[in-house]
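Trainee: Can you read through this structure? Questions will come right after.
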Amino acid sequence: MHEMIFHIPEGVIITKEGDFVTVKGSKGSLSRVMHHPAIEVVVDESVVKISTESTRRRVYALLGTYNAHLSVMVKGVTEGYEYHMRIVYNHFPIQVKIAGDRVEIANFLGEKQARYAKIVEGVMVKIQGDELILNGIDREKIGNTAANVEQACKVRNRDPRVFQDGIYITNRGN
């Protein structure tokens with residue numbers, strides 16, 4: 001039998017209802033489905049036990065994955081996450097603003113039409129000079145929003161070695 005033990009830090013409450021594991025902290029709460037037929041997740045007062053009877057390597061590897069998910073969720077609800085993205089342009093000055101639940105990128109490579117990137121729910125976006133700052137408690141949602149912004153600024157039909165304009169992730173600090 002393989003087993004991993006995740007110690008719950010002070011100020012964090014972890015509960016399990018069915019397949020949903022919920023982590024509550026000072027900044028909010030996050031939920032995630034942790035279901036696998038061969039893995040058992042048991043929540044006690046101070047620890048979470050993740051165990052399996054299986055000897056298969058893939059199932060055993062999932063124990064570490066579930067452990068990592070828990071640590072990311074705990075860090076999110078206690079400290080939060082912050083990504084920094086830099087606005088880079090050489091040819092035409094890019095104008096960026098927040099329009100509801102989207103980031104509007106105007107004058108990208110001199111294009112008349114603005115480009116848009118969806119902001120995933122639960123992510124706060126601020127613009128400071130030539131930098132975008134993304135804040136939130138769910139690291140996946142922040143990463144998805146950053147990816148949406150990078151994809152919206154993808155250079156097409158031009159030489160990417162010359163046209164390196166765009167908005168790029170520079171720091172994945174917390």
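Identifiers for the structure tokens are assigned positionally: chains receive A, B, ... in sequence, residues are indexed from 1 per chain, and ligands are indexed from 1 in the order shown.
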Considering only C-alpha atoms, return as a list in words whatever protein or nucleic-acid residues lie within 9 Å of Glu150 (chain A), sequence-local ones (same chain, fewer than 5 positions apart) excluded.

Mentor: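 Near neighbours after the sequence-gap exclusion: Ala117, Thr145, Gly166, Ile167, Tyr168 and Ile169 of chain A.
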
Trainee: For N, CA and C atoms, I'd like the residues from the last selection saved as a short mmCIF file (atom, residue, chain, number, x, y, z; two decimals), in the first residue's frame.

Mentor:
data_model
loop_
_atom_site.label_atom_id
_atom_site.label_comp_id
_atom_site.auth_asym_id
_atom_site.auth_seq_id
_atom_site.Cartn_x
_atom_site.Cartn_y
_atom_site.Cartn_z
N ALA A 117 -8.90 39.54 -25.37
CA ALA A 117 -8.54 38.33 -24.64
C ALA A 117 -9.48 38.20 -23.45
N THR A 145 -5.87 32.97 -18.13
CA THR A 145 -6.04 34.36 -18.56
C THR A 145 -4.76 34.86 -19.23
N GLY A 166 4.14 42.17 -28.66
CA GLY A 166 3.17 41.33 -27.98
C GLY A 166 3.15 41.60 -26.49
N ILE A 167 2.42 40.77 -25.78
CA ILE A 167 2.35 40.85 -24.32
C ILE A 167 2.78 39.48 -23.80
N TYR A 168 3.86 39.47 -23.01
CA TYR A 168 4.48 38.22 -22.60
C TYR A 168 4.57 38.11 -21.08
N ILE A 169 4.46 36.90 -20.56
CA ILE A 169 4.62 36.65 -19.12
C ILE A 169 6.09 36.86 -18.77
#

Trainee: Which parts of chain A does DSSP call strand (DSSP E or B) when run on the backbone here, written out as a ChimeraX atom specification?

Mentor: /A:2-7,13-17,20-25,28-33,39-43,47-52,81-88,95-99,102-106,115-118,124-128,131-136,166-171

Trainee: When you count only C-alpha atoms, which of these residues is closest to Arg158 (chain A): A:Pro9, A:Met4, A:Val123, A:Leu109?

Mentor: A:Leu109

Trainee: Excluding Ala99 (chain A) and residues on its chain fewer than 4 positions from it, collect all residues at most 10 Å away from it, counting only C-alpha atoms, and give them as a CSV table (one decimal) with C-alpha atoms, in the first residue's frame.

Mentor:
chain,number,residue,atom,x,y,z
A,103,VAL,CA,-8.6,42.8,-22.2
A,104,GLU,CA,-8.8,45.1,-25.2
A,105,ILE,CA,-5.5,45.3,-27.2
A,116,TYR,CA,-9.6,40.8,-27.3
A,117,ALA,CA,-8.5,38.3,-24.6
A,118,LYS,CA,-11.0,36.8,-22.2
A,119,ILE,CA,-10.4,37.3,-18.5

Trainee: I need the residue nearest Ile87 (chain A) from this list: A:Ala61, A:Val47, A:Leu30, A:Val149. Use only C-alpha atoms for the distance.

Mentor: A:Val149

Trainee: Report, in Å with one decimal, the straight-line distance from CA of Met34 (chain A) to CA of Ser46 (chain A).

Mentor: 18.7 Å
